[in-house]
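Visitor: First the structure, then my questions, so here it is.
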Amino acid sequence: MKKLSIAFLVFNEEGNIKGLVERSISQLDKMPYEYEILIVDNASTDNTGPITDELAGTHPAVEVIHHPSNLGYAMSTLTGFKKSSGDIVFIIDGDGQHTVADVPAFVDKIESGYDILFGWKVKRNDPALRIILTRFLSILAKLILDYPFNDINCGFRAVTRDVADRIEIHHKLNAAGPEIFVWGMRHNCKMAELPVRHFPRETGSSIHIPLTLPRTIGRMVGYLLQLRKELYSREKE
């Protein structure tokens, strides 16, 4: 039986994480897989920490990893990869906007020979600002990295155990998808994109606000240009 690792990445998600984990356990229990749920708490400043500790104490399949300080989204992604033990590792945003009901399609695709899978929010339930930002960055990724997929930074991804063990993430940014893609290209990984469902956020808010938008775009452009340099200046391993 395949073992799955479901790593939920959270920062200040006190209103979402309990319901997300309990729904996920209910759904996963009906699937033909062994599983573990890892909650990577990126030094939340609200009640996320105590809530996740309570979940771990109640549900044997749940483990919590608390970062001592905020290391950023990319490093939380790396923690999810390295601390997991499953044959297939899922990295999923812990804001409740994704569902593990989409897991079986990803498992089937990986079992057909793929190494890295990216989610695609075909119908996004995000604020207009975030939709515009993501679409703009996706266009930039296509231009700068020859990115072949539709969604540059969907918070639902899956990789094989081998990829999770070997992958390296160095850029400490609020993004991980582009670097995972570049790593996969350099290591001749077979990659694909699958549609996932996307739900409105029930509580809390995105970190992307209008006042920080110019800085966010500037940092992302620099990030993509640096990844392009890494992709084309080194031989694939």
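Residue numbering restarts at 1 for every chain of the structure tokens, chains are lettered A, B, ... in their displayed order, and ligands are numbered from 1 as they appear.
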May I have the residues within 6 Å of A:Ile37 as a PyMOL selection string, using only C-alpha atoms and disregarding those fewer than 6 positions away in the same chain?
Guide: chain A and resi 5-7+61-62
Visitor: Could you write out the selected residues, including N, CA and C atoms, as an mmCIF file, in the first residue's frame?
Guide:
data_model
loop_
_atom_site.group_PDB
_atom_site.id
_atom_site.type_symbol
_atom_site.label_atom_id
_atom_site.label_comp_id
_atom_site.auth_asym_id
_atom_site.auth_seq_id
_atom_site.Cartn_x
_atom_site.Cartn_y
_atom_site.Cartn_z
ATOM 1 N N SER A 5 2.304 11.356 2.215
ATOM 2 C CA SER A 5 2.564 12.421 3.178
ATOM 3 C C SER A 5 1.830 13.668 2.700
ATOM 4 N N ILE A 6 0.964 14.188 3.551
ATOM 5 C CA ILE A 6 0.232 15.418 3.249
ATOM 6 C C ILE A 6 0.793 16.500 4.155
ATOM 7 N N ALA A 7 1.539 17.443 3.585
ATOM 8 C CA ALA A 7 2.154 18.507 4.376
ATOM 9 C C ALA A 7 1.372 19.799 4.174
ATOM 10 N N ALA A 61 -2.255 10.247 13.277
ATOM 11 C CA ALA A 61 -1.632 10.437 11.963
ATOM 12 C C ALA A 61 -1.078 11.844 11.774
ATOM 13 N N VAL A 62 -1.329 12.742 12.738
ATOM 14 C CA VAL A 62 -0.933 14.147 12.588
ATOM 15 C C VAL A 62 0.331 14.441 13.392
#
Visitor: Could you give me the residues within stretch 55-235 of chain A that DSSP places in alpha helix (DSSP H), as an MDAnalysis selection string?
Guide: chainID A and resid 55:58 73:83 103:111 128:145 161:166 177:186 213:233
Visitor: Give me, as a ChimeraX atom specification, the residues of stretch 4-191 of chain A that a backbone DSSP run labels strand (DSSP E).
Guide: /A:4-10,34-41,62-66,88-93,116-121,156-160,191
Visitor: If we count only C-alpha atoms and set the cut-off at 9 Å, which residues sit around A:Gln27, ignoring sequence neighbours fewer than 4 positions away in its own chain? Please answer as a list in words.
Guide: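 Using only C-alpha atoms, the neighbours found are Glu22, Arg23, Met31, Val100 and Ala101 of chain A.
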Visitor: Since we have the selection now, will you write its residues out, keeping C-alpha atoms, as a PDB file, in the first residue's frame?
Guide:
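This went into result-v7.pdb:
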ATOM      1  CA  GLU A  22     -10.422  17.095  10.243  1.00  0.00           C
ATOM      2  CA  ARG A  23     -12.014  17.179   6.769  1.00  0.00           C
ATOM      3  CA  MET A  31      -8.970   6.213   0.285  1.00  0.00           C
ATOM      4  CA  VAL A 100      -7.326  16.285  -0.466  1.00  0.00           C
ATOM      5  CA  ALA A 101     -10.201  14.938  -2.558  1.00  0.00           C
TER       6      ALA A 101
END
